[in-house]
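File shown: query_21.pdb. Contents: PDB, C-alpha atoms.
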```pdb
ATOM      1  CA  MET A 182     -10.590 -33.435  -9.339
ATOM      2  CA  LYS A 183     -11.442 -32.015 -12.774
ATOM      3  CA  ASN A 184     -15.098 -31.468 -11.782
ATOM      4  CA  MET A 185     -14.420 -30.370  -8.208
ATOM      5  CA  ILE A 186     -15.263 -26.749  -7.345
ATOM      6  CA  LEU A 187     -12.965 -25.415  -4.610
ATOM      7  CA  ALA A 188     -12.554 -22.101  -2.823
ATOM      8  CA  CYS A 189     -10.142 -20.905  -0.150
ATOM      9  CA  CYS A 190     -10.540 -18.564   2.806
ATOM     10  CA  LYS A 191      -7.588 -17.049   4.638
ATOM     11  CA  LEU A 192      -8.563 -15.808   8.084
ATOM     12  CA  TYR A 193      -6.166 -13.771  10.246
ATOM     13  CA  ILE A 194      -6.679 -13.379  13.985
ATOM     14  CA  SER A 195      -4.805 -10.934  16.217
ATOM     15  CA  GLU A 196      -3.623 -13.503  18.756
ATOM     16  CA  SER A 197      -1.008 -16.246  18.993
ATOM     17  CA  ARG A 198      -0.150 -16.334  22.715
ATOM     18  CA  ASN A 199      -3.559 -17.179  24.193
ATOM     19  CA  LYS A 200      -3.584 -20.912  23.465
ATOM     20  CA  ALA A 201      -6.970 -21.526  25.097
ATOM     21  CA  ALA A 202      -8.584 -18.953  22.797
ATOM     22  CA  LEU A 203      -6.983 -20.486  19.708
ATOM     23  CA  GLU A 204      -8.056 -23.978  20.746
ATOM     24  CA  SER A 205     -11.669 -22.827  21.075
ATOM     25  CA  ILE A 206     -11.519 -21.245  17.600
ATOM     26  CA  GLU A 207     -10.039 -24.406  16.098
ATOM     27  CA  ARG A 208     -12.665 -26.602  17.731
ATOM     28  CA  VAL A 209     -15.540 -24.814  16.021
ATOM     29  CA  ALA A 210     -13.680 -24.939  12.694
ATOM     30  CA  LYS A 211     -13.778 -28.740  12.853
ATOM     31  CA  LEU A 212     -17.549 -28.862  13.295
ATOM     32  CA  VAL A 213     -18.267 -28.141   9.620
ATOM     33  CA  HIS A 214     -17.455 -31.399   7.866
ATOM     34  CA  ASP A 215     -17.115 -29.992   4.327
ATOM     35  CA  THR A 216     -14.443 -27.423   5.257
ATOM     36  CA  LYS A 217     -10.834 -28.309   6.059
ATOM     37  CA  VAL A 218      -8.218 -26.202   7.840
ATOM     38  CA  VAL A 219      -5.234 -27.030   5.643
ATOM     39  CA  ASN A 220      -2.701 -24.697   7.257
ATOM     40  CA  LYS A 221      -2.096 -22.665  10.403
ATOM     41  CA  PHE A 222       0.691 -20.109  10.670
ATOM     42  CA  GLU A 223       1.474 -18.636  14.090
ATOM     43  CA  ASP A 224       3.906 -15.825  14.818
ATOM     44  CA  GLU A 225       4.701 -15.020  18.450
ATOM     45  CA  ALA A 226       6.435 -11.698  17.758
ATOM     46  CA  TYR A 227       3.567 -10.459  15.622
ATOM     47  CA  ASN A 228       1.026 -12.032  18.021
ATOM     48  CA  ARG A 229      -0.960 -13.133  15.008
ATOM     49  CA  VAL A 230      -2.235 -16.376  13.522
ATOM     50  CA  GLY A 231      -3.434 -17.166  10.021
ATOM     51  CA  TYR A 232      -5.740 -20.058   9.135
ATOM     52  CA  THR A 233      -6.201 -21.386   5.607
ATOM     53  CA  LEU A 234      -9.588 -22.989   4.976
ATOM     54  CA  VAL A 235     -10.640 -24.893   1.879
ATOM     55  CA  SER A 236     -14.070 -26.203   0.949
ATOM     56  CA  LYS A 237     -15.924 -27.694  -1.972
ATOM     57  CA  LEU A 238     -18.654 -25.497  -3.432
ATOM     58  CA  PRO A 239     -21.865 -26.846  -4.977
ATOM     59  CA  PRO A 240     -22.415 -26.244  -8.723
ATOM     60  CA  LYS A 241     -25.202 -23.796  -7.866
ATOM     61  CA  LEU A 242     -23.826 -21.837  -4.943
ATOM     62  CA  SER A 243     -26.112 -20.282  -2.380
ATOM     63  CA  SER A 244     -24.248 -17.810  -0.191
ATOM     64  CA  ASP A 245     -26.792 -18.524   2.554
ATOM     65  CA  LEU A 246     -25.890 -22.232   2.515
ATOM     66  CA  CYS A 247     -22.131 -22.350   2.194
ATOM     67  CA  ALA A 248     -19.840 -24.494   4.344
ATOM     68  CA  LEU A 249     -16.848 -22.196   3.812
ATOM     69  CA  LYS A 250     -18.783 -19.139   4.969
ATOM     70  CA  ASP A 251     -20.324 -21.030   7.892
ATOM     71  CA  THR A 252     -16.888 -22.121   9.113
ATOM     72  CA  ALA A 253     -15.431 -18.638   8.820
ATOM     73  CA  PHE A 254     -18.423 -17.131  10.644
ATOM     74  CA  ALA A 255     -18.135 -19.648  13.486
ATOM     75  CA  MET A 256     -14.436 -18.888  13.880
ATOM     76  CA  VAL A 257     -15.055 -15.121  13.854
ATOM     77  CA  SER A 258     -17.856 -15.402  16.408
ATOM     78  CA  THR A 259     -15.734 -17.546  18.725
ATOM     79  CA  ALA A 260     -12.686 -15.286  18.373
ATOM     80  CA  LEU A 261     -14.708 -12.191  19.301
ATOM     81  CA  LYS A 262     -15.906 -13.909  22.482
ATOM     82  CA  ALA A 263     -12.507 -15.331  23.458
ATOM     83  CA  ILE A 264     -10.193 -12.382  22.734
ATOM     84  CA  ASP A 265     -10.191  -8.806  24.055
ATOM     85  CA  PHE A 266      -8.621  -6.490  21.482
ATOM     86  CA  ASN A 267      -7.763  -3.991  24.226
ATOM     87  CA  MET A 268      -5.295  -6.525  25.642
ATOM     88  CA  HIS A 269      -3.494  -7.221  22.357
ATOM     89  CA  SER A 270       0.029  -6.089  21.514
ATOM     90  CA  GLY A 271       2.425  -7.109  18.763
ATOM     91  CA  SER A 272       4.724  -5.829  16.050
ATOM     92  CA  HIS A 273       2.259  -6.482  13.221
ATOM     93  CA  PRO A 274      -0.416  -3.896  12.411
ATOM     94  CA  ARG A 275      -4.040  -4.895  12.947
ATOM     95  CA  LEU A 276      -7.527  -3.395  13.036
ATOM     96  CA  GLY A 277      -9.466  -5.879  15.130
ATOM     97  CA  VAL A 278      -9.620  -9.234  16.862
ATOM     98  CA  VAL A 279     -10.298 -10.734  13.438
ATOM     99  CA  ASP A 280      -8.107  -8.468  11.375
ATOM    100  CA  HIS A 281      -8.534  -9.710   7.820
ATOM    101  CA  ILE A 282     -10.435 -12.339   5.842
ATOM    102  CA  CYS A 283      -9.844 -13.009   2.162
ATOM    103  CA  PHE A 284     -11.536 -15.474  -0.178
ATOM    104  CA  HIS A 285      -9.712 -16.858  -3.222
ATOM    105  CA  PRO A 286     -11.059 -18.971  -6.081
ATOM    106  CA  LEU A 287      -9.260 -22.292  -6.484
ATOM    107  CA  ALA A 288     -10.318 -25.127  -8.807
ATOM    108  CA  ASN A 289     -13.152 -24.351 -11.268
ATOM    109  CA  THR A 290     -14.286 -21.329  -9.235
ATOM    110  CA  SER A 291     -14.817 -17.730 -10.342
ATOM    111  CA  SER A 292     -13.944 -14.549  -8.496
ATOM    112  CA  GLU A 293     -17.636 -13.621  -8.558
ATOM    113  CA  GLN A 294     -18.476 -16.783  -6.598
ATOM    114  CA  THR A 295     -15.927 -16.012  -3.887
ATOM    115  CA  ALA A 296     -16.981 -12.348  -3.900
ATOM    116  CA  ASN A 297     -20.560 -13.408  -3.153
ATOM    117  CA  ILE A 298     -19.361 -15.513  -0.224
ATOM    118  CA  ALA A 299     -17.307 -12.573   1.104
ATOM    119  CA  ARG A 300     -20.275 -10.195   0.858
ATOM    120  CA  SER A 301     -22.576 -12.667   2.595
ATOM    121  CA  LEU A 302     -20.077 -13.211   5.418
ATOM    122  CA  ALA A 303     -19.608  -9.450   5.816
ATOM    123  CA  LYS A 304     -23.354  -8.994   6.139
ATOM    124  CA  ASP A 305     -23.582 -11.676   8.829
ATOM    125  CA  VAL A 306     -20.579 -10.319  10.766
ATOM    126  CA  GLY A 307     -21.973  -6.788  10.568
ATOM    127  CA  THR A 308     -25.581  -7.552  11.489
ATOM    128  CA  LYS A 309     -25.413 -10.638  13.709
ATOM    129  CA  LEU A 310     -22.130  -9.884  15.510
ATOM    130  CA  GLU A 311     -22.485  -6.075  15.278
ATOM    131  CA  VAL A 312     -18.916  -5.458  14.138
ATOM    132  CA  PRO A 313     -18.139  -2.785  11.503
ATOM    133  CA  THR A 314     -17.075  -4.614   8.350
ATOM    134  CA  PHE A 315     -15.273  -3.264   5.289
ATOM    135  CA  LEU A 316     -15.172  -4.885   1.851
ATOM    136  CA  TYR A 317     -12.416  -4.810  -0.757
ATOM    137  CA  GLY A 318     -11.393  -6.398  -4.052
ATOM    138  CA  ALA A 319     -14.080  -8.158  -6.083
ATOM    139  CA  ALA A 320     -16.393  -8.065  -3.044
ATOM    140  CA  HIS A 321     -16.519  -4.246  -3.142
ATOM    141  CA  GLU A 322     -18.707  -2.517  -5.719
ATOM    142  CA  LYS A 323     -15.831  -0.282  -6.866
ATOM    143  CA  GLY A 324     -13.090  -2.877  -6.386
ATOM    144  CA  ARG A 325     -11.110  -0.820  -3.895
ATOM    145  CA  THR A 326      -7.848  -2.355  -2.695
ATOM    146  CA  LEU A 327      -7.004  -3.785   0.713
ATOM    147  CA  ASP A 328      -4.179  -1.321   1.320
ATOM    148  CA  SER A 329      -6.445   1.668   0.527
ATOM    149  CA  VAL A 330      -8.926   0.560   3.197
ATOM    150  CA  ARG A 331      -6.112  -0.003   5.651
ATOM    151  CA  ARG A 332      -4.574   3.421   4.996
ATOM    152  CA  GLU A 333      -7.861   5.204   5.629
ATOM    153  CA  LEU A 334      -8.309   3.285   8.894
ATOM    154  CA  GLY A 335      -4.775   4.088  10.114
ATOM    155  CA  TYR A 336      -3.527   0.504   9.896
ATOM    156  CA  PHE A 337       0.082   1.323   9.057
ATOM    157  CA  ARG A 338       0.742   3.724  11.961
ATOM    158  CA  PRO A 339       2.115   2.131  15.175
ATOM    159  CA  ASN A 340       0.357   3.531  18.236
ATOM    160  CA  THR A 341       3.257   3.045  20.702
ATOM    161  CA  ASN A 342       7.040   3.403  20.702
ATOM    162  CA  GLY A 343       9.237   0.687  19.247
ATOM    163  CA  ASN A 344       7.099  -0.056  16.192
ATOM    164  CA  ILE A 345       4.525  -1.871  18.335
ATOM    165  CA  TRP A 346       0.755  -1.873  18.012
ATOM    166  CA  ALA A 347      -0.923  -2.168  21.422
ATOM    167  CA  GLY A 348      -4.454  -2.000  22.734
ATOM    168  CA  GLY A 349      -7.663  -1.438  20.824
ATOM    169  CA  LEU A 350      -8.652   1.243  18.353
ATOM    170  CA  SER A 351      -8.023   4.816  19.463
ATOM    171  CA  SER A 352     -11.671   5.782  19.042
ATOM    172  CA  GLU A 353     -15.096   4.226  18.572
ATOM    173  CA  THR A 354     -15.676   6.726  15.747
ATOM    174  CA  LEU A 355     -14.385   5.429  12.416
ATOM    175  CA  PRO A 356     -12.847   7.601   9.658
ATOM    176  CA  LEU A 357     -14.482   5.415   6.987
ATOM    177  CA  HIS A 358     -18.100   4.334   6.703
ATOM    178  CA  PRO A 359     -18.386   0.528   6.997
ATOM    179  CA  ASP A 360     -20.067  -1.518   4.273
ATOM    180  CA  GLU A 361     -21.881  -3.592   6.892
ATOM    181  CA  GLY A 362     -22.519  -3.283  10.599
ATOM    182  CA  PRO A 363     -22.638  -0.323  12.988
ATOM    183  CA  ASN A 364     -20.951   3.016  12.327
ATOM    184  CA  GLN A 365     -19.095   2.850  15.621
ATOM    185  CA  ALA A 366     -16.660   0.190  16.778
ATOM    186  CA  ASP A 367     -16.563  -1.709  20.057
ATOM    187  CA  LEU A 368     -12.965  -1.099  21.174
ATOM    188  CA  SER A 369     -12.701  -4.640  22.547
ATOM    189  CA  LYS A 370     -13.470  -6.082  19.088
ATOM    190  CA  GLY A 371     -12.265  -3.546  16.527
ATOM    191  CA  VAL A 372     -13.310  -3.936  12.895
ATOM    192  CA  VAL A 373     -13.058  -6.636  10.222
ATOM    193  CA  VAL A 374     -11.873  -6.266   6.614
ATOM    194  CA  ILE A 375     -13.219  -8.903   4.197
ATOM    195  CA  GLY A 376     -12.388  -9.297   0.520
ATOM    196  CA  SER A 377     -12.111 -11.524  -2.514
ATOM    197  CA  THR A 378      -9.085 -11.479  -4.825
ATOM    198  CA  ARG A 379      -6.979 -13.614  -7.079
ATOM    199  CA  TRP A 380      -4.291 -15.631  -5.351
ATOM    200  CA  VAL A 381      -1.799 -13.674  -3.189
ATOM    201  CA  ASP A 382       1.440 -15.016  -1.701
ATOM    202  CA  ASN A 383       2.967 -13.597   1.488
ATOM    203  CA  TYR A 384       6.769 -13.655   1.638
ATOM    204  CA  ASN A 385       8.893 -12.233   4.465
ATOM    205  CA  VAL A 386      12.637 -11.570   4.393
ATOM    206  CA  PRO A 387      14.403 -11.171   7.781
ATOM    207  CA  ILE A 388      17.236  -8.624   8.025
ATOM    208  CA  PHE A 389      19.717  -8.615  10.911
ATOM    209  CA  SER A 390      19.324  -5.015  12.047
ATOM    210  CA  THR A 391      17.740  -2.703  14.585
ATOM    211  CA  ASN A 392      17.781   0.237  12.167
ATOM    212  CA  LEU A 393      14.095   0.507  11.366
ATOM    213  CA  SER A 394      14.503   3.600   9.171
ATOM    214  CA  ALA A 395      17.002   1.811   6.918
ATOM    215  CA  VAL A 396      14.820  -1.302   6.554
ATOM    216  CA  ARG A 397      11.841   0.911   5.792
ATOM    217  CA  ARG A 398      13.862   2.374   2.911
ATOM    218  CA  ILE A 399      14.513  -1.157   1.649
ATOM    219  CA  ALA A 400      10.830  -2.081   1.924
ATOM    220  CA  LYS A 401       9.820   1.034  -0.003
ATOM    221  CA  LEU A 402      12.393   0.470  -2.752
ATOM    222  CA  VAL A 403      11.410  -3.176  -3.253
ATOM    223  CA  SER A 404       7.701  -2.330  -3.582
ATOM    224  CA  GLU A 405       5.805  -1.191  -6.647
ATOM    225  CA  ARG A 406       4.627   1.870  -4.706
ATOM    226  CA  GLY A 407       8.290   2.902  -4.285
ATOM    227  CA  GLY A 408       9.269   2.221  -7.895
ATOM    228  CA  GLY A 409      10.484  -1.333  -7.289
ATOM    229  CA  LEU A 410       9.091  -4.710  -8.299
ATOM    230  CA  PRO A 411       5.651  -4.633  -9.940
ATOM    231  CA  SER A 412       2.713  -6.117  -7.988
ATOM    232  CA  VAL A 413       4.744  -6.211  -4.755
ATOM    233  CA  GLN A 414       3.631  -4.487  -1.563
ATOM    234  CA  ALA A 415       6.127  -4.316   1.310
ATOM    235  CA  MET A 416       6.573  -2.916   4.786
ATOM    236  CA  ALA A 417       9.226  -3.160   7.510
ATOM    237  CA  LEU A 418       8.166  -4.866  10.735
ATOM    238  CA  SER A 419      10.197  -5.518  13.878
ATOM    239  CA  HIS A 420      10.500  -9.244  14.537
ATOM    240  CA  GLY A 421      12.174  -9.830  17.863
ATOM    241  CA  GLU A 422      15.046  -7.835  19.332
ATOM    242  CA  GLU A 423      17.611  -7.902  16.523
ATOM    243  CA  VAL A 424      15.631  -8.678  13.373
ATOM    244  CA  ILE A 425      13.410  -6.534  11.170
ATOM    245  CA  GLU A 426      11.446  -8.207   8.406
ATOM    246  CA  VAL A 427      10.558  -6.920   4.971
ATOM    247  CA  ALA A 428       7.025  -8.337   4.859
ATOM    248  CA  CYS A 429       5.673  -8.594   1.321
ATOM    249  CA  ASN A 430       2.359  -9.238  -0.389
ATOM    250  CA  LEU A 431       2.941 -10.706  -3.850
ATOM    251  CA  LEU A 432      -0.211  -9.750  -5.734
ATOM    252  CA  GLU A 433       0.755 -11.587  -8.916
ATOM    253  CA  PRO A 434       3.052 -14.387  -7.728
ATOM    254  CA  ASN A 435       3.119 -16.037 -11.162
ATOM    255  CA  LYS A 436       4.836 -12.910 -12.493
ATOM    256  CA  VAL A 437       6.907 -11.768  -9.506
ATOM    257  CA  GLY A 438       7.647 -14.473  -6.948
ATOM    258  CA  GLY A 439       9.573 -14.921  -3.742
ATOM    259  CA  ASP A 440      12.895 -15.600  -5.503
ATOM    260  CA  GLN A 441      12.850 -12.200  -7.206
ATOM    261  CA  VAL A 442      11.910 -10.455  -3.968
ATOM    262  CA  GLN A 443      14.714 -12.280  -2.147
ATOM    263  CA  ILE A 444      17.349 -11.184  -4.665
ATOM    264  CA  GLU A 445      16.204  -7.560  -4.567
ATOM    265  CA  VAL A 446      16.025  -7.375  -0.755
ATOM    266  CA  GLU A 447      19.496  -8.932  -0.460
ATOM    267  CA  ARG A 448      20.887  -6.370  -2.928
ATOM    268  CA  LEU A 449      19.295  -3.414  -1.152
ATOM    269  CA  ALA A 450      20.341  -4.720   2.280
ATOM    270  CA  GLN A 451      23.943  -5.060   1.109
ATOM    271  CA  GLU A 452      23.888  -1.439  -0.044
ATOM    272  CA  GLU A 453      22.822  -0.487   3.495
ATOM    273  CA  GLY A 454      25.604  -2.622   5.005
ATOM    274  CA  MET A 455      23.172  -5.220   6.304
ATOM    275  CA  VAL A 456      22.696  -8.965   5.915
ATOM    276  CA  ALA A 457      19.385 -10.431   4.730
ATOM    277  CA  ARG A 458      18.497 -13.968   5.717
ATOM    278  CA  LYS A 459      16.650 -16.424   3.506
ATOM    279  CA  GLY A 460      12.995 -15.460   3.425
ATOM    280  CA  TYR A 461       9.942 -17.652   3.932
ATOM    281  CA  PHE A 462       6.348 -17.974   2.790
ATOM    282  CA  THR A 463       3.666 -17.791   5.475
ATOM    283  CA  ASP A 464       1.449 -20.281   3.666
ATOM    284  CA  PHE A 465       1.540 -23.084   1.120
ATOM    285  CA  SER A 466       1.381 -22.364  -2.588
ATOM    286  CA  GLN A 467      -1.986 -22.552  -4.335
ATOM    287  CA  GLU A 468      -1.144 -26.004  -5.728
ATOM    288  CA  GLN A 469       0.040 -27.271  -2.328
ATOM    289  CA  ILE A 470      -3.173 -26.072  -0.693
ATOM    290  CA  ILE A 471      -5.311 -27.938  -3.215
ATOM    291  CA  ASN A 472      -3.222 -31.078  -2.682
ATOM    292  CA  ALA A 473      -3.461 -30.720   1.102
ATOM    293  CA  PHE A 474      -7.239 -30.561   0.817
ATOM    294  CA  LEU A 475      -7.360 -33.593  -1.458
ATOM    295  CA  ASP A 476      -5.183 -35.513   1.007
ATOM    296  CA  SER A 477      -7.240 -34.495   4.036
ATOM    297  CA  GLY A 478     -10.135 -36.939   3.759
ATOM    298  CA  ASP A 479     -13.490 -37.161   2.029
ATOM    299  CA  THR A 480     -13.291 -35.030  -1.131
ATOM    300  CA  SER A 481     -15.678 -37.002  -3.304
ATOM    301  CA  ASP A 482     -17.846 -35.085  -5.756
TER
END
```

Step by step, read the file and then write its structure as structure tokens.
Amino acid sequence: MKNMILACCKLYISESRNKAALESIERVAKLVHDTKVVNKFEDEAYNRVGYTLVSKLPPKLSSDLCALKDTAFAMVSTALKAIDFNMHSGSHPRLGVVDHICFHPLANTSSEQTANIARSLAKDVGTKLEVPTFLYGAAHEKGRTLDSVRRELGYFRPNTNGNIWAGGLSSETLPLHPDEGPNQADLSKGVVVIGSTRWVDNYNVPIFSTNLSAVRRIAKLVSERGGGLPSVQAMALSHGEEVIEVACNLLEPNKVGGDQVQIEVERLAQEEGMVARKGYFTDFSQEQIINAFLDSGDTSD
């Protein structure tokens, strides 16, 4: 393990109800022997699925010959063929069939290595699949953030009543110039955002309420942007008929973790006269992911 070079890719697809499509995506993921899918998180209400991929990297990495990139590209290509973005609806924001891909360094890996993989994948998605692709984090020359890209592309604005996102993009013309791929989007595919960052945890806290405005206040107050916990991003998302979740990105989970978010959301919910349930992570911890990979089969150096 001490000499093993590992990297992780988290790939989010805007679909969880079309089982045939997901099965086809998962089949191609298994074709690359050196990459393992160590976790899958499906959410029916959000109509979204997240896959966590882990692969060994060679000591001298070539972004053109990289099992992790090859697996991600195969999954993206299959998803774009199997899913029509115009038919999608859910209570989680999204920008395309393949909404978001992020690479993270794991064991003995640098952020520059994962950034190179992200840039190479973005180039292939943009040129070979002809989908507008946007970079962020270490993969972007100016290090712009994921939420800044999403804000410019209108990610956080529901396009129907009831806090639901439905159908494809509103226009083929994009408000932001893509880093790779065409300047106009195919409405049936949307766009892809690809980045490379340090480890990020996702932690969601359900609140028993239908008062979206009140839960939005809680989400704002718990986030760094609203003067709350540092390195925490949060938004309120409907999750079924009587639950709204405070969905959080923990950008520095070693400093501010799920326990601190839970305590703060519970306090703010109580002030609003609401009850917050115990929250949950949408993926394993970094250590658990490494262990899952090591337990998955051939991991010899």

I'd like the residues picked by the PyMOL selection byres ((chain A and resi 253) around 12) written out as an NGL selection string, using the chain letters and numbers from the file.
:A and (189-194 or 206-207 or 209-213 or 216-218 or 232-236 or 247-252 or 254-260 or 279 or 281-284 or 298-299 or 301-303 or 305-306 or 375)

Exercise: region 343-348 of chain A partners within 7 Å, all atoms listed in the file, chain neighbours under 4 positions left out, as a PyMOL selection string
chain A and resi 266-274+339+419

Considering all atoms listed in the file, state which residue in the set A:Ile471, A:Leu368, A:Ala417, A:Leu310 is at the smallest distance from Lys237 (chain A).
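Closest to Lys237 (chain A), using all atoms listed in the file: A:Ile471.
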
Applying the PyMOL selection byres ((chain A and resi 318-321) around 12) to the file I just gave you, which residues come out? Please list them as a PyMOL selection string.
chain A and resi 282-286+291-304+314-317+322-330+359-361+374-380+432

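Shell of Ile444 (chain A) at 12 Å, with only C-alpha atoms counted and residues fewer than 4 places along the chain excluded, is Val386, Val403, Leu410, Val437, Gly438, Gly439, Asp440, Arg448, Leu449, Ala450, Gln451, Ala457, Arg458, Lys459 and Gly460 of chain A.
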
Given the file above and the PyMOL selection byres ((chain A and resi 472) around 12), which residues are selected, and can you give them as a ChimeraX atom specification?
/A:182,187,217,219-220,235,287-288,465-471,473-478,480

Find the residues around Asp280 (chain A) up to 6 Å (all atoms listed in the file counted), leave out those fewer than 2 positions away in its own chain, and share them as a list in words.
Tyr193, Ile194, Arg275, Leu276, Gly277, Val278 and Val373 of chain A

Residues near Pro411 (chain A), anyone? I mean within 10 Å using only C-alpha atoms, not counting same-chain ones fewer than 2 positions away, as a ChimeraX atom specification.
/A:403-409,413-414,431-433,436-437

Selected residues written out with C-alpha atoms, as an mmCIF file, in the frame of the given file:
```cif
data_model
loop_
_atom_site.group_PDB
_atom_site.id
_atom_site.type_symbol
_atom_site.label_atom_id
_atom_site.label_comp_id
_atom_site.auth_asym_id
_atom_site.auth_seq_id
_atom_site.Cartn_x
_atom_site.Cartn_y
_atom_site.Cartn_z
ATOM 1 C CA VAL A 403 11.410 -3.176 -3.253
ATOM 2 C CA SER A 404 7.701 -2.330 -3.582
ATOM 3 C CA GLU A 405 5.805 -1.191 -6.647
ATOM 4 C CA ARG A 406 4.627 1.870 -4.706
ATOM 5 C CA GLY A 407 8.290 2.902 -4.285
ATOM 6 C CA GLY A 408 9.269 2.221 -7.895
ATOM 7 C CA GLY A 409 10.484 -1.333 -7.289
ATOM 8 C CA VAL A 413 4.744 -6.211 -4.755
ATOM 9 C CA GLN A 414 3.631 -4.487 -1.563
ATOM 10 C CA LEU A 431 2.941 -10.706 -3.850
ATOM 11 C CA LEU A 432 -0.211 -9.750 -5.734
ATOM 12 C CA GLU A 433 0.755 -11.587 -8.916
ATOM 13 C CA LYS A 436 4.836 -12.910 -12.493
ATOM 14 C CA VAL A 437 6.907 -11.768 -9.506
#
```

Could you tell me how far CA of Glu196 (chain A) sits from CA of Glu353 (chain A), in Å to one decimal place?
21.1 Å

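By all atoms listed in the file, and with residues fewer than 6 positions from Gly421 (chain A) along its chain excluded, the set lying at most 10 Å from it is Glu225, Ala226, Tyr227, Ser272 and Thr391 of chain A.
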
Taking (13.1, -4.9, 13.5) in the file's own coordinates, collect the residues within 10 Å, counting only C-alpha atoms, and hand them back as a ChimeraX atom specification.
/A:272,343-344,387-394,396-397,417-427

Rank nothing, just name the residue among A:Phe337, A:Val446, A:Asp382, A:Leu350 nearest to Asp367 (chain A), using only C-alpha atoms.
A:Leu350

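In this comparison, which uses only C-alpha atoms, the residue of A:Asp224, A:Asp464, A:Glu311, A:Glu453 approaching Ala366 (chain A) most closely is A:Glu311.
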
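Between Arg198 (chain A) and the residues A:Ile186, A:Asn228, A:Ala400, A:His214, the shortest atom-to-atom distance, using all atoms listed in the file, involves A:Asn228.
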
Quick one: distance from CA of Ala188 (chain A) to CA of Phe222 (chain A) in Å, one decimal?
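That distance, rounded to one decimal, is 19.0 Å.
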